[in-house]
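Participant: If it helps, the file is called structure_1.cif and holds mmCIF, C-alpha atoms:
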data_coords
#
loop_
_atom_site.label_atom_id
_atom_site.label_comp_id
_atom_site.auth_asym_id
_atom_site.auth_seq_id
_atom_site.Cartn_x
_atom_site.Cartn_y
_atom_site.Cartn_z
CA MET D 1 126.87 -6.16 -60.91
CA TRP D 2 127.23 -3.65 -62.62
CA ALA D 3 136.45 0.89 -68.95
CA PHE D 4 140.85 6.11 -70.69
CA LYS D 5 144.11 5.53 -72.14
CA GLY D 6 146.45 3.03 -70.59
CA ASN D 7 149.38 5.41 -70.92
CA PHE D 8 147.60 8.22 -69.10
CA LEU D 9 146.55 10.13 -72.18
CA ASN D 10 145.13 13.53 -71.24
CA LEU D 11 146.59 13.13 -67.78
CA LYS D 12 148.24 16.55 -68.07
CA GLN D 13 144.87 18.00 -68.90
CA PHE D 14 143.35 16.27 -65.89
CA MET D 15 146.04 17.55 -63.58
CA LYS D 16 145.30 21.09 -64.69
CA LYS D 17 141.74 20.61 -63.52
CA SER D 18 142.84 20.14 -59.97
CA LYS D 19 142.54 23.58 -58.40
CA THR D 20 145.33 22.90 -55.95
CA ILE D 21 147.68 22.02 -58.77
CA VAL D 22 146.58 25.02 -60.81
CA LEU D 23 147.51 27.33 -57.93
CA CYS D 24 150.94 25.71 -57.70
CA LEU D 25 151.45 25.96 -61.44
CA LEU D 26 150.43 29.59 -61.47
CA THR D 27 153.05 30.34 -58.86
CA VAL D 28 155.75 28.49 -60.79
CA CYS D 29 154.70 29.95 -64.12
CA ALA D 30 154.68 33.47 -62.74
CA ALA D 31 158.18 33.04 -61.35
CA ALA D 32 159.39 31.76 -64.71
CA GLY D 33 157.68 34.56 -66.60
CA LEU D 34 155.34 32.13 -68.37
CA ASN D 35 151.69 32.50 -69.22
CA ALA D 36 149.42 30.46 -67.02
CA CYS D 37 147.70 27.57 -68.79
CA SER D 38 143.93 27.30 -68.90
CA ASP D 39 142.37 24.55 -66.82
CA ASP D 40 139.74 24.12 -69.53
CA ASP D 41 142.14 23.00 -72.28
CA GLU D 42 140.23 20.06 -73.69
CA ASN D 43 142.92 19.27 -76.27
CA ALA D 44 145.78 18.71 -73.85
CA THR D 45 147.35 15.29 -74.09
CA GLY D 46 150.05 13.54 -72.17
CA ASN D 47 151.40 10.24 -71.02
CA ALA D 48 152.65 8.68 -67.83
CA GLY D 49 155.73 10.86 -67.99
CA ASP D 50 153.55 13.95 -67.54
CA PHE D 51 152.46 12.83 -64.10
CA THR D 52 153.79 15.47 -61.71
CA PRO D 53 153.33 14.35 -58.10
CA GLU D 54 152.80 16.81 -55.31
CA ILE D 55 154.33 14.30 -52.93
CA THR D 56 156.80 11.48 -53.51
CA ILE D 57 156.99 8.96 -50.67
CA SER D 58 159.84 6.47 -50.59
CA ILE D 59 159.28 3.43 -48.39
CA ASN D 60 162.29 1.60 -47.00
CA ASP D 61 160.35 -1.08 -45.14
CA ALA D 62 156.98 -2.57 -46.14
CA GLY D 63 154.22 -1.67 -43.72
CA THR D 64 155.59 1.76 -42.81
CA LEU D 65 153.73 4.03 -45.24
CA SER D 66 151.74 5.61 -42.40
CA GLU D 67 155.02 6.44 -40.63
CA ASN D 68 156.23 8.41 -43.66
CA ILE D 69 153.19 10.63 -44.06
CA SER D 70 150.31 11.54 -41.80
CA LYS D 71 146.66 11.00 -42.66
CA ALA D 72 146.18 14.75 -42.67
CA ASP D 73 148.99 15.35 -45.17
CA ILE D 74 148.06 12.50 -47.48
CA GLY D 75 144.47 13.75 -47.41
CA LYS D 76 145.56 17.16 -48.69
CA ALA D 77 147.60 15.81 -51.62
CA GLY D 78 145.88 15.06 -54.90
CA ASN D 79 148.82 13.56 -56.79
CA ILE D 80 151.02 11.08 -54.96
CA LYS D 81 153.90 8.89 -56.04
CA ILE D 82 154.94 5.99 -53.83
CA THR D 83 158.12 3.96 -54.29
CA GLY D 84 159.39 0.92 -52.42
CA GLU D 85 157.69 -2.20 -51.11
CA LEU D 86 154.04 -2.12 -50.00
CA ASN D 87 152.20 -4.79 -48.04
CA GLY D 88 148.65 -5.19 -46.75
CA THR D 89 149.10 -2.62 -43.98
CA ASP D 90 150.16 -0.01 -46.55
CA ILE D 91 147.24 -0.89 -48.84
CA ILE D 92 144.85 -0.27 -45.94
CA PHE D 93 146.36 3.20 -45.49
CA ILE D 94 145.99 3.94 -49.22
CA ARG D 95 142.41 2.66 -49.21
CA GLU D 96 141.53 4.97 -46.32
CA ARG D 97 142.73 7.93 -48.42
CA ALA D 98 141.14 6.73 -51.67
CA GLY D 99 137.98 5.28 -50.25
CA SER D 100 136.10 8.47 -49.47
CA GLN D 101 134.25 10.94 -51.66
CA GLY D 102 136.87 13.56 -50.78
CA LYS D 103 139.59 15.13 -52.89
CA ALA D 104 140.37 13.26 -56.11
CA LEU D 105 143.49 11.11 -55.93
CA MET D 106 146.03 10.38 -58.67
CA LEU D 107 148.33 7.58 -57.57
CA ASP D 108 151.64 6.61 -59.20
CA LEU D 109 152.78 3.15 -58.13
CA SER D 110 155.15 2.61 -61.06
CA GLY D 111 158.10 2.56 -58.66
CA ALA D 112 156.40 0.42 -56.04
CA ARG D 113 156.27 -3.32 -55.52
CA ILE D 114 153.47 -5.19 -53.78
CA VAL D 115 154.84 -7.80 -51.38
CA GLU D 116 153.32 -10.34 -49.05
CA GLY D 117 152.79 -9.57 -45.40
CA GLY D 118 151.05 -7.05 -43.19
CA GLU D 119 147.37 -7.00 -42.36
CA MET D 120 144.51 -8.20 -44.51
CA TYR D 121 143.40 -5.26 -46.67
CA TYR D 122 139.87 -6.41 -47.52
CA ALA D 123 137.28 -9.03 -46.64
CA VAL D 124 134.18 -10.42 -48.32
CA ASP D 125 132.00 -12.38 -45.93
CA THR D 126 134.45 -14.80 -44.33
CA THR D 127 137.12 -14.50 -47.03
CA GLU D 128 140.09 -12.34 -46.08
CA TYR D 129 142.36 -10.83 -48.72
CA VAL D 130 146.06 -10.34 -48.10
CA THR D 131 148.88 -9.18 -50.34
CA ALA D 132 151.04 -11.50 -52.45
CA ASN D 133 154.33 -10.73 -54.14
CA ASP D 134 154.06 -8.75 -57.37
CA THR D 135 150.27 -9.01 -57.47
CA ILE D 136 147.60 -6.33 -57.58
CA GLY D 137 145.25 -8.55 -55.63
CA ASP D 138 141.55 -9.24 -55.68
CA TYR D 139 139.48 -6.25 -54.52
CA MET D 140 142.64 -4.25 -53.75
CA PHE D 141 141.13 -0.89 -54.73
CA THR D 142 137.47 -1.81 -55.04
CA GLY D 143 135.10 0.96 -53.99
CA CYS D 144 137.84 3.62 -53.78
CA LYS D 145 135.56 6.47 -54.74
CA ALA D 146 138.22 9.21 -54.65
CA LEU D 147 140.61 7.33 -56.96
CA GLU D 148 140.68 9.13 -60.30
CA GLY D 149 143.87 7.79 -61.84
CA ILE D 150 146.55 5.19 -61.20
CA ILE D 151 149.81 3.94 -62.72
CA LEU D 152 150.51 0.31 -61.86
CA PRO D 153 153.99 -1.27 -61.70
CA ASP D 154 155.15 -3.23 -64.73
CA GLY D 155 155.32 -6.98 -64.32
CA ALA D 156 152.57 -7.17 -61.73
CA ALA D 157 149.79 -9.71 -62.04
CA MET D 158 146.21 -8.61 -61.40
CA GLY D 159 143.31 -10.34 -59.69
CA ARG D 160 139.58 -9.84 -59.95
CA ASP D 161 137.45 -6.83 -58.94
CA VAL D 162 140.60 -4.75 -58.50
CA PHE D 163 138.88 -1.44 -59.29
CA SER D 164 135.21 -2.43 -59.25
CA GLY D 165 132.98 0.43 -58.15
CA CYS D 166 135.68 3.12 -58.52
CA GLU D 167 133.17 5.59 -59.88
CA ARG D 168 135.66 8.45 -60.46
CA LEU D 169 138.41 6.39 -62.09
CA ARG D 170 139.28 7.96 -65.44
CA TYR D 171 142.92 7.10 -66.08
CA VAL D 172 144.88 3.90 -65.60
CA THR D 173 148.16 2.50 -66.85
CA LEU D 174 148.05 -1.27 -66.72
CA PRO D 175 151.24 -3.27 -66.11
CA ALA D 176 153.39 -4.32 -69.07
CA GLY D 177 153.38 -8.08 -69.24
CA LEU D 178 149.82 -8.41 -67.97
CA ALA D 179 148.36 -11.81 -68.87
CA GLY D 180 144.78 -10.55 -69.02
CA VAL D 181 142.13 -8.39 -67.43
CA GLY D 182 140.53 -10.32 -64.58
CA ALA D 183 136.87 -10.81 -63.85
CA TYR D 184 135.02 -7.61 -62.92
CA THR D 185 138.30 -5.67 -62.71
CA PHE D 186 136.69 -2.39 -63.81
CA ALA D 187 133.03 -3.24 -63.21
CA SER D 188 130.92 -0.11 -62.70
CA CYS D 189 133.82 2.31 -63.22
CA THR D 190 131.33 4.74 -64.65
CA SER D 191 133.84 7.53 -65.48
CA LEU D 192 136.32 5.36 -67.39
CA ALA D 193 136.16 6.45 -71.05
CA SER D 194 139.06 4.61 -72.71
CA VAL D 195 141.57 1.91 -71.95
CA ASP D 196 144.63 0.35 -73.57
CA ILE D 197 145.19 -3.33 -72.88
CA PRO D 198 148.93 -4.15 -72.88
CA ASP D 199 150.51 -6.28 -75.60
CA GLY D 200 150.63 -9.93 -74.66
CA ALA D 201 147.35 -9.99 -72.74
CA THR D 202 145.23 -12.90 -73.93
CA ARG D 203 141.90 -12.61 -72.16
CA ILE D 204 139.25 -10.14 -71.11
CA GLY D 205 137.60 -11.70 -68.08
CA ASP D 206 133.96 -12.10 -67.18
CA GLY D 207 132.34 -8.73 -66.46
CA ALA D 208 135.74 -7.00 -66.74
CA PHE D 209 134.21 -3.73 -67.98
CA GLY D 210 130.57 -4.41 -67.18
CA GLY D 211 128.62 -1.25 -66.42
CA CYS D 212 131.37 1.12 -67.61
CA THR D 213 128.80 3.47 -69.04
CA ALA D 214 131.33 6.11 -70.24
CA LEU D 215 133.62 3.63 -72.02
CA LYS D 216 134.04 4.56 -75.68
CA ASP D 217 137.48 3.34 -76.73
CA VAL D 218 139.02 -0.02 -75.97
CA ASN D 219 142.31 -0.89 -77.64
CA LEU D 220 142.76 -4.65 -77.64
CA PRO D 221 146.15 -6.08 -78.65
CA ASN D 222 146.36 -8.80 -81.27
CA SER D 223 147.18 -11.28 -78.51
CA VAL D 224 143.66 -11.23 -77.04
CA ASP D 225 141.85 -14.46 -77.87
CA SER D 226 138.97 -14.59 -75.40
CA ILE D 227 136.15 -12.18 -74.49
CA GLY D 228 134.48 -13.37 -71.30
CA LYS D 229 130.88 -13.48 -70.21
CA ASP D 230 129.40 -9.98 -69.72
CA ALA D 231 132.85 -8.50 -70.44
CA PHE D 232 131.41 -5.26 -71.89
CA ASN D 233 127.84 -5.60 -70.67
CA SER D 234 126.06 -2.22 -70.57
CA CYS D 235 128.96 -0.18 -71.99
CA THR D 236 126.34 2.19 -73.31
CA ALA D 237 128.76 4.79 -74.76
CA MET D 238 130.63 2.31 -76.98
CA THR D 239 129.88 2.76 -80.70
CA SER D 240 132.41 0.31 -82.15
CA ILE D 241 135.15 -2.09 -81.13
CA LYS D 242 137.76 -3.99 -83.14
CA LEU D 243 138.10 -7.56 -82.03
CA PRO D 244 141.54 -9.07 -82.76
CA ASP D 245 141.79 -11.86 -85.31
CA ALA D 246 142.92 -14.26 -82.57
CA VAL D 247 139.58 -14.10 -80.74
CA TYR D 248 137.91 -17.51 -80.84
CA PHE D 249 135.51 -17.14 -77.90
CA ILE D 250 132.80 -14.54 -77.24
CA GLY D 251 131.04 -15.27 -73.96
CA ASN D 252 127.41 -15.01 -73.02
CA GLY D 253 126.25 -11.40 -72.71
CA ALA D 254 129.65 -10.06 -73.78
CA PHE D 255 128.14 -6.92 -75.38
CA TRP D 256 124.64 -7.08 -73.94
CA ASN D 257 122.95 -3.67 -73.72
CA CYS D 258 125.70 -1.80 -75.60
CA THR D 259 122.97 0.46 -76.88
CA ARG D 260 125.19 2.68 -79.06
CA LEU D 261 127.19 -0.09 -80.70
CA LYS D 262 126.69 0.31 -84.45
CA ASN D 263 128.79 -2.39 -86.04
CA ILE D 264 130.83 -5.39 -85.08
CA SER D 265 133.16 -7.55 -87.13
CA ILE D 266 133.40 -10.97 -85.57
CA PRO D 267 136.79 -12.65 -86.16
CA ALA D 268 136.99 -15.66 -88.46
CA SER D 269 138.27 -17.90 -85.66
CA VAL D 270 135.01 -17.65 -83.68
CA GLU D 271 132.93 -20.82 -83.78
CA ASN D 272 130.24 -20.05 -81.21
CA ILE D 273 128.46 -16.79 -80.45
CA GLY D 274 127.27 -16.96 -76.86
CA ALA D 275 123.79 -16.43 -75.55
CA ASP D 276 122.87 -12.75 -75.21
CA ALA D 277 126.21 -11.76 -76.76
CA PHE D 278 124.70 -8.74 -78.54
CA ASN D 279 121.26 -8.70 -76.94
CA TYR D 280 119.65 -5.25 -76.91
CA CYS D 281 122.30 -3.61 -79.09
CA ILE D 282 119.49 -1.49 -80.42
CA ASN D 283 121.68 0.58 -82.78
CA LEU D 284 123.61 -2.33 -84.28
CA GLU D 285 123.38 -1.91 -88.04
CA ALA D 286 125.81 -4.56 -89.26
CA ALA D 287 127.12 -7.83 -87.90
CA ASP D 288 129.46 -9.93 -90.01
CA ILE D 289 129.10 -13.52 -88.90
CA PRO D 290 132.18 -15.48 -90.01
CA ASP D 291 132.16 -18.71 -91.99
CA ASN D 292 133.29 -20.92 -89.09
CA VAL D 293 130.41 -20.15 -86.71
CA LYS D 294 128.56 -23.34 -85.85
CA GLU D 295 126.21 -22.05 -83.16
CA ILE D 296 124.40 -18.79 -82.51
CA GLY D 297 123.23 -18.80 -78.89
CA ASP D 298 119.87 -17.97 -77.39
CA ARG D 299 119.01 -14.26 -77.70
CA ALA D 300 122.41 -13.54 -79.26
CA PHE D 301 121.05 -10.66 -81.39
CA ARG D 302 117.72 -10.14 -79.67
CA THR D 303 116.20 -6.66 -80.11
CA CYS D 304 118.85 -5.52 -82.59
CA ASN D 305 116.05 -3.65 -84.30
CA LYS D 306 118.29 -1.68 -86.67
CA LEU D 307 119.87 -4.84 -88.03
CA SER D 308 118.24 -5.20 -91.42
CA ALA D 309 119.88 -8.41 -92.60
CA VAL D 310 122.47 -11.03 -91.74
CA THR D 311 124.21 -13.67 -93.81
CA LEU D 312 124.30 -16.92 -91.91
CA PRO D 313 127.42 -19.06 -92.54
CA ALA D 314 127.43 -22.46 -94.21
CA ALA D 315 128.98 -24.09 -91.11
CA LEU D 316 126.01 -23.11 -88.92
CA LYS D 317 124.24 -25.99 -87.20
CA THR D 318 122.19 -24.41 -84.42
CA ILE D 319 120.23 -21.15 -84.16
CA GLY D 320 119.21 -20.54 -80.56
CA ASP D 321 115.83 -19.54 -79.19
CA GLU D 322 115.16 -15.83 -79.78
CA ALA D 323 118.58 -15.50 -81.45
CA PHE D 324 117.18 -12.77 -83.72
CA ALA D 325 113.96 -12.00 -81.88
CA TYR D 326 112.54 -8.51 -82.47
CA CYS D 327 114.92 -7.78 -85.35
CA THR D 328 111.98 -6.01 -86.88
CA MET D 329 113.79 -4.91 -90.05
CA PHE D 330 114.24 -8.48 -91.26
CA SER D 331 112.09 -9.16 -94.32
CA GLU D 332 113.77 -12.38 -95.46
CA ILE D 333 116.49 -14.75 -94.33
CA THR D 334 118.35 -17.76 -95.70
CA ILE D 335 118.87 -20.80 -93.48
CA PRO D 336 122.08 -22.68 -94.47
CA ALA D 337 122.01 -26.36 -95.46
CA GLY D 338 123.81 -27.56 -92.32
CA VAL D 339 121.31 -26.20 -89.80
CA LYS D 340 119.84 -29.03 -87.76
CA SER D 341 118.04 -27.17 -84.99
CA LEU D 342 116.03 -24.01 -84.45
CA GLY D 343 115.65 -23.21 -80.75
CA VAL D 344 112.11 -22.88 -79.43
CA SER D 345 110.61 -22.66 -75.95
CA THR D 346 107.29 -23.47 -74.35
CA ASP D 347 105.35 -22.25 -71.35
CA ASN D 348 104.44 -24.48 -68.42
CA LYS D 349 101.45 -25.80 -70.35
CA GLY D 350 103.54 -26.90 -73.30
CA ASN D 351 102.46 -24.08 -75.58
CA TYR D 352 105.16 -22.74 -77.89
CA VAL D 353 105.96 -19.13 -77.02
CA THR D 354 109.29 -18.16 -78.61
CA CYS D 355 111.50 -19.10 -81.56
CA PRO D 356 114.68 -17.70 -83.17
CA PHE D 357 112.66 -15.02 -84.98
CA SER D 358 109.98 -14.12 -82.43
CA GLY D 359 108.67 -10.61 -82.94
CA CYS D 360 110.18 -10.30 -86.44
CA ASP D 361 106.83 -9.12 -87.73
CA ASN D 362 108.17 -8.17 -91.17
CA LEU D 363 109.87 -11.51 -91.82
CA ARG D 364 107.64 -12.98 -94.51
CA THR D 365 110.12 -14.98 -96.62
CA ILE D 366 112.54 -17.75 -95.68
CA TYR D 367 114.92 -19.55 -98.02
CA MET D 368 115.73 -23.01 -96.71
CA ARG D 369 118.86 -24.73 -98.03
CA CYS D 370 118.37 -27.77 -95.80
CA ALA D 371 117.42 -31.02 -97.56
CA GLU D 372 115.45 -31.95 -94.46
CA ALA D 373 113.41 -29.67 -92.25
CA PRO D 374 115.42 -28.69 -89.13
CA GLU D 375 114.06 -29.57 -85.72
CA GLY D 376 111.91 -26.70 -84.48
CA LEU D 377 110.97 -25.37 -87.92
CA ALA D 378 107.22 -26.02 -87.61
CA PRO D 379 106.71 -24.11 -84.33
CA THR D 380 108.98 -21.38 -85.68
CA LEU D 381 106.79 -20.97 -88.77
CA TRP D 382 103.63 -21.04 -86.67
CA LEU D 383 104.91 -18.34 -84.29
CA LEU D 384 106.10 -16.23 -87.24
CA SER D 385 102.69 -16.48 -88.90
CA GLN D 386 101.13 -15.22 -85.68
CA ASP D 387 103.54 -12.27 -85.50
CA CYS D 388 103.15 -11.39 -89.17
CA GLY D 389 99.44 -12.05 -89.37
CA ALA D 390 99.94 -14.03 -92.56
CA ALA D 391 101.39 -17.28 -93.84
CA VAL D 392 105.16 -17.35 -94.27
CA LYS D 393 106.54 -17.96 -97.75
CA VAL D 394 109.11 -20.75 -97.48
CA TYR D 395 111.36 -21.74 -100.38
CA VAL D 396 112.74 -25.27 -100.00
CA PRO D 397 115.19 -27.31 -102.11
CA ARG D 398 113.67 -29.04 -105.09
CA GLY D 399 112.27 -32.39 -104.08
CA ALA D 400 112.15 -31.55 -100.36
CA SER D 401 108.68 -30.03 -100.00
CA ALA D 402 106.98 -33.27 -98.98
CA GLY D 403 109.26 -33.68 -95.96
CA TYR D 404 108.77 -30.09 -94.91
CA ALA D 405 105.01 -30.35 -95.28
CA LYS D 406 104.93 -33.53 -93.17
CA GLN D 407 106.67 -31.81 -90.22
CA LEU D 408 104.15 -29.01 -90.42
CA ASP D 409 101.19 -31.40 -90.65
CA ASP D 410 102.44 -33.36 -87.64
CA PHE D 411 102.73 -30.12 -85.71
CA ARG D 412 99.16 -29.15 -86.59
CA ASN D 413 97.82 -32.50 -85.47
CA ASP D 414 99.81 -32.58 -82.25
CA HIS D 415 98.89 -29.05 -81.20
CA GLY D 416 95.46 -28.57 -82.72
CA VAL D 417 96.58 -25.72 -84.94
CA SER D 418 94.41 -24.66 -87.85
CA GLY D 419 94.72 -22.18 -90.68
CA THR D 420 97.53 -21.59 -93.15
CA ILE D 421 100.90 -21.33 -91.46
CA ALA D 422 103.29 -21.49 -94.41
CA GLU D 423 103.32 -21.79 -98.17
CA PHE D 424 106.08 -24.01 -99.55
CA GLU D 425 107.64 -23.55 -102.96
CA GLU D 426 110.54 -25.53 -104.35
CA TYR D 427 113.57 -23.86 -105.90
CA ASP D 428 116.95 -24.79 -107.31
CA LEU D 429 119.85 -24.12 -104.95
#
Show me the file's structure as structure tokens.
Facilitator:
Amino acid sequence: MWAFKGNFLNLKQFMKKSKTIVLCLLTVCAAAGLNACSDDDENATGNAGDFTPEITISINDAGTLSENISKADIGKAGNIKITGELNGTDIIFIRERAGSQGKALMLDLSGARIVEGGEMYYAVDTTEYVTANDTIGDYMFTGCKALEGIILPDGAAMGRDVFSGCERLRYVTLPAGLAGVGAYTFASCTSLASVDIPDGATRIGDGAFGGCTALKDVNLPNSVDSIGKDAFNSCTAMTSIKLPDAVYFIGNGAFWNCTRLKNISIPASVENIGADAFNYCINLEAADIPDNVKEIGDRAFRTCNKLSAVTLPAALKTIGDEAFAYCTMFSEITIPAGVKSLGVSTDNKGNYVTCPFSGCDNLRTIYMRCAEAPEGLAPTLWLLSQDCGAAVKVYVPRGASAGYAKQLDDFRNDHGVSGTIAEFEEYDL
């Protein structure tokens, strides 16, 4: 499956692009003796206060939205403000307006409150979704293809997949007090270019912005401590992101296929970098791995082929299979003393096929700081020698070469490997 300023930045500009609104503005401006504003003003900025609704609908009783405005009239309006209590029946009415490919809809719900009751507003297989008090529920606006902007009420909680598949969504104001962005909330919102996460939010859920291919700017508050699995997967317009110091967890595939991401500073509190976390970030030039990282997951930096070097931290214990595979600019690397395992994999016949540095065909020199050879070193060296077409030069701590050589000899005997795989040389740490 498979992300705009949270305070409606450039909303004024967007409103000017609506031809209906432009006609209204021209009429007002002419009456006031003002010059009409261009609808191509790319520098216009604004905030939620600039939202000028064509229609304001005040609801006295939940479930009566359709009694306050007809389908024909709501279909004509591009900018709508709704106040009062809304239940499932009202959400269905809004979804009917926002769910088509028709006229773009800007929706201001800052004065509304979601309450329980009314009909179910959505269903997935046998699961029916109904409204709950003060909650923007699961799938509430999913697939609303006309929805281009929305202001949500402060204090509301949010579920998962709230806006998934809203292809035209460009502007959103998230609720103050939001605990976090739920799983797949903005998945495949392919027009969303920037987003502000409110202060106090602590988590970015799994797949929250996955497939938001226009997303360039994400402002994370210092309160965020967790980046979920696939959270920014395939955000192909993103060139950089600042992760707050509080972040301790980066999930599997969190930035997978962020093909324009150039640099990332991983916070000091992170101890594990998940599998595929930065896989196929083909323009990543720098990655600062903090001192506390103990594990780098499988394929974590796979195919980061502009990454020329990394400094691995002293706390590191495990380097996963293909963790740096196809980082073709690597020419040397230092393995810290605490590393106990190098991930390798075999095919169904037991033949070794991948290692942490598979495809690093320029990696000819390795500095080992480990007193004993880590598990998986021998097949790693053999696979590297195949990729490079030459023996790998391995520097080992003084007095440790015999142990290293024994692991390599055992590997040769067990797998019938011949030829020179590695040349060991001792050095002083």
Participant: Go through the shown structure with the PyMOL selection byres ((chain D and resi 199) around 12) and write out the matching residues as number ranges by chain.
Facilitator: D: 6, 174-181, 196-198, 200-203, 219-224, 244
Participant: Output the selection as a CSV table (one decimal), in the coordinates of the input - C-alpha atoms for each residue.
Facilitator:
chain,number,residue,atom,x,y,z
D,6,GLY,CA,146.4,3.0,-70.6
D,174,LEU,CA,148.0,-1.3,-66.7
D,175,PRO,CA,151.2,-3.3,-66.1
D,176,ALA,CA,153.4,-4.3,-69.1
D,177,GLY,CA,153.4,-8.1,-69.2
D,178,LEU,CA,149.8,-8.4,-68.0
D,179,ALA,CA,148.4,-11.8,-68.9
D,180,GLY,CA,144.8,-10.6,-69.0
D,181,VAL,CA,142.1,-8.4,-67.4
D,196,ASP,CA,144.6,0.4,-73.6
D,197,ILE,CA,145.2,-3.3,-72.9
D,198,PRO,CA,148.9,-4.2,-72.9
D,200,GLY,CA,150.6,-9.9,-74.7
D,201,ALA,CA,147.4,-10.0,-72.7
D,202,THR,CA,145.2,-12.9,-73.9
D,203,ARG,CA,141.9,-12.6,-72.2
D,219,ASN,CA,142.3,-0.9,-77.6
D,220,LEU,CA,142.8,-4.6,-77.6
D,221,PRO,CA,146.2,-6.1,-78.6
D,222,ASN,CA,146.4,-8.8,-81.3
D,223,SER,CA,147.2,-11.3,-78.5
D,224,VAL,CA,143.7,-11.2,-77.0
D,244,PRO,CA,141.5,-9.1,-82.8
Participant: For the structure provided, state which residues fall under the PyMOL selection byres ((chain D and resi 236) around 12), and present them as a PyMOL selection string.
Facilitator: chain D and resi 3+188+190+193+209-217+232-235+237-240+255-262+280-283
Participant: List the residues matched by the PyMOL selection byres ((chain D and resi 62-69) around 7) in the displayed structure as a ChimeraX atom specification, ordered by chain and then by residue number.
Facilitator: /D:59-61,70-71,73-74,85-87,89-90,93,118
Participant: Have a look at CA of Glu322 (chain D) and CA of Cys355 (chain D) and let me know their distance in Å, one decimal.
Facilitator: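 Computed distance, CA of Glu322 (chain D) to CA of Cys355 (chain D), equals 5.2 Å.
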Participant: Quote the spacing between CA of Ala314 (chain D) and CA of Ala391 (chain D) in Å to one decimal place.
Facilitator: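 If I compute the distance from CA of Ala314 (chain D) to CA of Ala391 (chain D), I get 26.6 Å.
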Participant: Which one is closest to Ala104 (chain D): D:Gly207, D:Glu54, D:Arg168, D:Glu116? Count only C-alpha atoms.
Facilitator: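 Counting only C-alpha atoms, the residue closest to Ala104 (chain D) is D:Arg168.
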Participant: May I ask which of the residues D:Gly117, D:Gly228, D:Pro153, D:Gly359 is the closest one to Val172 (chain D), counting only C-alpha atoms?
Facilitator: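 Of D:Gly117, D:Gly228, D:Pro153, D:Gly359, the one nearest Val172 (chain D), counting only C-alpha atoms, is D:Pro153.
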Participant: Suppose you want the space between CA of Leu243 (chain D) and CA of Ser358 (chain D); what is it in Å?
Facilitator: 28.9 Å
Participant: Calculated over all atoms listed in the file, which of the candidates D:Thr142, D:Thr365, D:Ser58, D:Thr311 has the smallest distance to Ala98 (chain D)?
Facilitator: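 Checking each of D:Thr142, D:Thr365, D:Ser58, D:Thr311 against Ala98 (chain D), counting all atoms listed in the file, the winner is D:Thr142.
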Participant: Calculated over only C-alpha atoms, which of the candidates D:Ala268, D:Ile57, D:Ala337, D:Val162 has the smallest distance to Leu316 (chain D)?
Facilitator: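 Using only C-alpha atoms, the shortest distance to Leu316 (chain D) belongs to D:Ala337.
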Participant: Residues within 6 Å of (127.4, -26.0, -86.2), file coordinates, counting only C-alpha atoms: what are they? Give the list as an NGL selection string.
Facilitator: :D and (294-295 or 315-318)
Participant: Under the rule that only C-alpha atoms are counted, which of D:Phe330, D:Gly338, D:Gln386, D:Gly343 is the nearest residue to Leu363 (chain D)?
Facilitator: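 Of D:Phe330, D:Gly338, D:Gln386, D:Gly343, the one nearest Leu363 (chain D), counting only C-alpha atoms, is D:Phe330.
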Participant: Phe411 (chain D): which residues within 10 Å, counting only C-alpha atoms, same-chain residues fewer than 5 positions away excluded, as a PyMOL selection string?
Facilitator: chain D and resi 376-379+382+405-406+416-417
Participant: Hey, can you pull every residue with an atom no more than 12 Å from (120.5, -21.1, -84.6), using only C-alpha atoms, and send it as a ChimeraX atom specification?
Facilitator: /D:272-275,293-301,312-325,334-336,338-344,355-357,374-377,380
Participant: Rank nothing, just name the residue among D:Ile421, D:Asn413, D:Ile55, D:Pro397 nearest to Arg364 (chain D), using only C-alpha atoms.
Facilitator: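 Closest to Arg364 (chain D) of all the choices is D:Ile421.
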Participant: Residues at most 9 Å from Leu429 (chain D), counting all atoms listed in the file, excluding those fewer than 5 positions away in the same chain, as a list in words?
Facilitator: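 What passes the distance filter is Arg369, Val396, Pro397 and Arg398 of chain D.
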Participant: Could you list, as a list in words, every residue within 8 Å of region 130-138 of chain D, counting all atoms listed in the file and ignoring same-chain residues fewer than 6 positions away?
Facilitator: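 Using all atoms listed in the file, the neighbours found are Asn87, Gly88, Arg113, Ile114, Val115, Glu116, Gly117, Gly118, Glu119, Met120, Tyr121, Tyr122, Gly155, Ala156, Ala157, Met158, Gly159, Arg160, Asp161 and Val162 of chain D.
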Participant: Just to be explicit: take each residue in the selection above, keep C-alpha atoms, and write the result as a tab-separated table (two decimals), in the frame of the given file.
Facilitator:
chain	number	residue	atom	x	y	z
D	87	ASN	CA	152.20	-4.79	-48.04
D	88	GLY	CA	148.65	-5.19	-46.75
D	113	ARG	CA	156.27	-3.32	-55.52
D	114	ILE	CA	153.47	-5.19	-53.78
D	115	VAL	CA	154.84	-7.80	-51.38
D	116	GLU	CA	153.32	-10.34	-49.05
D	117	GLY	CA	152.79	-9.57	-45.40
D	118	GLY	CA	151.05	-7.05	-43.19
D	119	GLU	CA	147.37	-7.00	-42.36
D	120	MET	CA	144.51	-8.20	-44.51
D	121	TYR	CA	143.40	-5.26	-46.67
D	122	TYR	CA	139.87	-6.41	-47.52
D	155	GLY	CA	155.32	-6.98	-64.32
D	156	ALA	CA	152.57	-7.17	-61.73
D	157	ALA	CA	149.79	-9.71	-62.04
D	158	MET	CA	146.21	-8.61	-61.40
D	159	GLY	CA	143.31	-10.34	-59.69
D	160	ARG	CA	139.58	-9.84	-59.95
D	161	ASP	CA	137.45	-6.83	-58.94
D	162	VAL	CA	140.60	-4.75	-58.50
